[in-house]
Amino acid sequence: MLGAVQLGLLAACVVLFVPMGMAGWHLSRNKMLFFSCALFITLAVGVHLTPYFPSISAFLSASEKLKKSDASDLLNGSWVVVAGDSQSRLMVVSLLELIMGSEGVEKIKGDLFKRHSDYSVMVEEIGMRLDFVWAPYVANLTEFMTRYKGSKDFPDIVMMGAGLWDMLHVNNVTEFGVSLRVLRDNVLSLLPVSSSLDAGDGGVSEPKPSHLLHLFWVGMPTLITSMLNTAEKKERMTTAMFSSYDNELAGSNLLRQSGGPLLKLDIGLLSEFCGPHCTSDGMHYDEVVYNTALQIMLNALLIESNQKPQ
Ligand SMILES: *[C@@H]1O[C@H](CO)[C@@H](O)[C@H](O)[C@H]1NC(C)=O
Ligand SMILES: *[C@@H]1O[C@H](CO)[C@@H](O)[C@H](O)[C@H]1NC(C)=O
Ligand SMILES: *[C@@H]1O[C@H](CO)[C@@H](O)[C@H](O)[C@H]1NC(C)=O
């Protein structure tokens, strides 16, 4: 069962942060107000209906749920790149299931889940290219971003996320903070000079139209320490460690929520709503969590694609 309070919190976050994120994409103030109101109303309806529904899918049915045809229109001809750990890979599964249906995804799951490897697929029907880049550490994400330095080709949509491997194998929050800042500087150096997010390094970077940059951060899931499947994980991935990592992320200015370049998809909050019955290893959750995060991402893109040049 969902806590209405938590859902209200999510609603508040979406209402606040989605439009704030849009502001970085030069949405006019009127449009921002309009979308804030629209989101607020949809979410308010969602919150008031919760007592009658058992799961987050209820939240989804009350908000703007994009179906296959909508997503196909939105992503027609796009190049989508997802980089990160297994959480990011679960976002790929959700996206492909929405576009190709579950039978289509069953066929490619073997390749996609080949341990620790990259994966590419072209969805011919809508001319969408999707690349998954295995990048379990934040340092790997930095390496991934530097591929695009000086390159004219940049994906239309990038989703990335890491942190769990840093927590498990490095287990030093100071070093995590350092690698997040390095990543942030690398992402910023790829952004257009005219952007308000300009790092201030005086226009050395190639100008790119800002509408090409749809950057999302796949947040870490809520960890249920007692359910983790190795002794090492139980020892290192504690609630206290998780919150210090999460605070480090918030303080790194990587996310739009703190003036940075990436819009966070809050897997932590969504997985917390879903709770222990949505996971068997305390870390990887049922697809409803990632499907919801995907809907939040698509809604953000929809708002963006609706606007006309001023
Ligand atoms: C994708 O876009 C192209 C041209 O913009 C159009 O011809 C095609 O019908 C679209 N396909 C889908 C599945 O929407
Ligand atoms: C990711 O980074 C780690 C540590 O920096 C490195 O050892 C590893 O080879 C990298 N993996 C990939 C896939 O780039
Ligand atoms: C964490 O990393 C920092 C910087 O590399 C280092 O100074 C510090 O000693 C490390 N802390 C622990 C507990 O290993």
# chains A, B, ... in the order shown; residues from 1 in each chain; ligands from 1
call {"tool": "select_by_dssp", "arguments": {"residues": "range 57-196 of chain A", "states": "alpha helix (DSSP H)", "output": "JSON, numbers by chain"}}
result
{"A": [57, 58, 59, 60, 61, 62, 68, 69, 70, 71, 72, 73, 74, 75, 86, 87, 88, 89, 90, 91, 92, 93, 94, 95, 96, 97, 98, 99, 100, 101, 102, 103, 104, 105, 106, 107, 108, 109, 110, 111, 112, 138, 139, 140, 141, 142, 143, 144, 145, 146, 164, 165, 173, 174, 175, 176, 177, 178, 179, 180, 181, 182, 183, 184, 185, 186, 187, 188]}
call {"tool": "residues_near_ligand", "arguments": {"ligand": "ligand 2", "cutoff": "9 Å", "atoms": "only C-alpha atoms and all ligand atoms", "output": "MDAnalysis selection string"}}
result
chainID A and resid 116:118 133:141 143:144
call {"tool": "write_last_selection", "arguments": {"atoms": "N, CA, C and O atoms", "output": "tab-separated table (two decimals), in the first residue's frame"}}
result
chain	number	residue	atom	x	y	z
A	116	HIS	N	27.55	-7.66	-17.85
A	116	HIS	CA	28.47	-6.56	-17.99
A	116	HIS	C	28.90	-6.26	-19.42
A	116	HIS	O	30.08	-6.22	-19.73
A	117	SER	N	27.92	-6.07	-20.29
A	117	SER	CA	28.32	-5.69	-21.65
A	117	SER	C	27.40	-4.64	-22.24
A	117	SER	O	26.29	-4.43	-21.77
A	118	ASP	N	27.90	-4.00	-23.28
A	118	ASP	CA	27.14	-2.97	-23.98
A	118	ASP	C	26.12	-3.65	-24.89
A	118	ASP	O	26.27	-4.81	-25.23
A	133	VAL	N	25.12	1.39	-22.55
A	133	VAL	CA	26.56	1.36	-22.27
A	133	VAL	C	26.76	0.94	-20.82
A	133	VAL	O	26.26	1.59	-19.90
A	134	TRP	N	27.44	-0.19	-20.65
A	134	TRP	CA	27.68	-0.69	-19.30
A	134	TRP	C	28.70	0.22	-18.63
A	134	TRP	O	29.86	0.29	-19.06
A	135	ALA	N	28.29	0.95	-17.61
A	135	ALA	CA	29.15	1.92	-16.93
A	135	ALA	C	28.80	1.93	-15.45
A	135	ALA	O	28.07	2.79	-14.98
A	136	PRO	N	29.27	0.93	-14.72
A	136	PRO	CA	28.81	0.75	-13.34
A	136	PRO	C	29.32	1.79	-12.35
A	136	PRO	O	28.68	2.02	-11.33
A	137	TYR	N	30.47	2.40	-12.61
A	137	TYR	CA	31.00	3.41	-11.69
A	137	TYR	C	30.78	4.80	-12.26
A	137	TYR	O	30.75	4.99	-13.48
A	138	VAL	N	30.71	5.79	-11.39
A	138	VAL	CA	30.58	7.18	-11.84
A	138	VAL	C	31.75	7.52	-12.77
A	138	VAL	O	31.58	8.20	-13.78
A	139	ALA	N	32.94	7.01	-12.45
A	139	ALA	CA	34.11	7.26	-13.31
A	139	ALA	C	33.88	6.74	-14.73
A	139	ALA	O	34.34	7.34	-15.70
A	140	ASN	N	33.14	5.63	-14.86
A	140	ASN	CA	32.84	5.11	-16.18
A	140	ASN	C	31.90	6.04	-16.95
A	140	ASN	O	31.98	6.15	-18.18
A	141	LEU	N	31.01	6.71	-16.21
A	141	LEU	CA	30.10	7.66	-16.87
A	141	LEU	C	30.88	8.85	-17.41
A	141	LEU	O	30.59	9.37	-18.49
A	143	GLU	N	33.99	8.77	-18.39
A	143	GLU	CA	34.67	8.25	-19.57
A	143	GLU	C	33.70	8.21	-20.76
A	143	GLU	O	34.05	8.59	-21.88
A	144	PHE	N	32.47	7.81	-20.47
A	144	PHE	CA	31.44	7.74	-21.51
A	144	PHE	C	31.14	9.13	-22.08
A	144	PHE	O	31.03	9.31	-23.29
call {"tool": "closest_residue", "arguments": {"among": "A:Leu75, A:Ser252, A:Asn247, A:Thr225", "to": "Ser280 in chain A", "atoms": "only C-alpha atoms"}}
result
A:Thr225
call {"tool": "atom_distance", "arguments": {"atom1": "CA of Arg256 in chain A", "atom2": "CA of Phe216 in chain A"}}
result
9.2 Å
call {"tool": "residues_near_ligand", "arguments": {"ligand": "ligand 1", "cutoff": "10 Å", "atoms": "only C-alpha atoms and all ligand atoms", "output": "list in words"}}
result
Lys68, Ser69, Asp70, Ala71, Ser72, Asp73, Leu74, Leu75, Asn76, Gly77, Ser78, Ile99, Glu124, Glu125, Ile126, Gly127 and Met128 of chain A
call {"tool": "residues_around", "arguments": {"residues": "Leu98 in chain A", "least_positions_apart": "5", "cutoff": "12 Å", "atoms": "only C-alpha atoms", "output": "PyMOL selection string"}}
result
chain A and resi 65-72+75+91-93+103-105+123+287-288+290-292+294-295+298
call {"tool": "residues_around", "arguments": {"residues": "Leu130 in chain A", "least_positions_apart": "2", "cutoff": "10 Å", "atoms": "only C-alpha atoms", "output": "VMD selection string"}}
result
chain A and resid 78 to 82 92 95 to 96 119 to 123 127 to 128 132 to 133 155 157 to 158
call {"tool": "residues_near_ligand", "arguments": {"ligand": "ligand 3", "cutoff": "8 Å", "atoms": "only C-alpha atoms and all ligand atoms", "output": "PyMOL selection string"}}
result
chain A and resi 171-175
call {"tool": "atom_distance", "arguments": {"atom1": "CA of Leu191 in chain A", "atom2": "CA of Arg129 in chain A"}}
result
22.0 Å
call {"tool": "closest_residue", "arguments": {"among": "A:Tyr245, A:Val187, A:Gly84, A:Glu235", "to": "Phe154 in chain A", "atoms": "only C-alpha atoms"}}
result
A:Val187
call {"tool": "closest_residue", "arguments": {"among": "A:Leu190, A:Arg181, A:Lys107, A:Asp266", "to": "Lys152 in chain A", "atoms": "only C-alpha atoms"}}
result
A:Leu190
call {"tool": "select_by_dssp", "arguments": {"residues": "range 95-207 of chain A", "states": "strand (DSSP E)", "output": "list of chain:residue names"}}
result
A:Tyr119, A:Ser120, A:Val121, A:Met122, A:Val123, A:Met128, A:Arg129, A:Leu130, A:Asp131, A:Phe132, A:Val133, A:Trp134, A:Ile157, A:Val158, A:Met159, A:Met160, A:Gly161
call {"tool": "atom_distance", "arguments": {"atom1": "CA of Ile224 in chain A", "atom2": "CA of Asp286 in chain A"}}
result
14.0 Å
call {"tool": "closest_residue", "arguments": {"among": "A:Ser94, A:His214, A:His284, A:Phe242", "to": "Asp166 in chain A", "atoms": "only C-alpha atoms"}}
result
A:Phe242
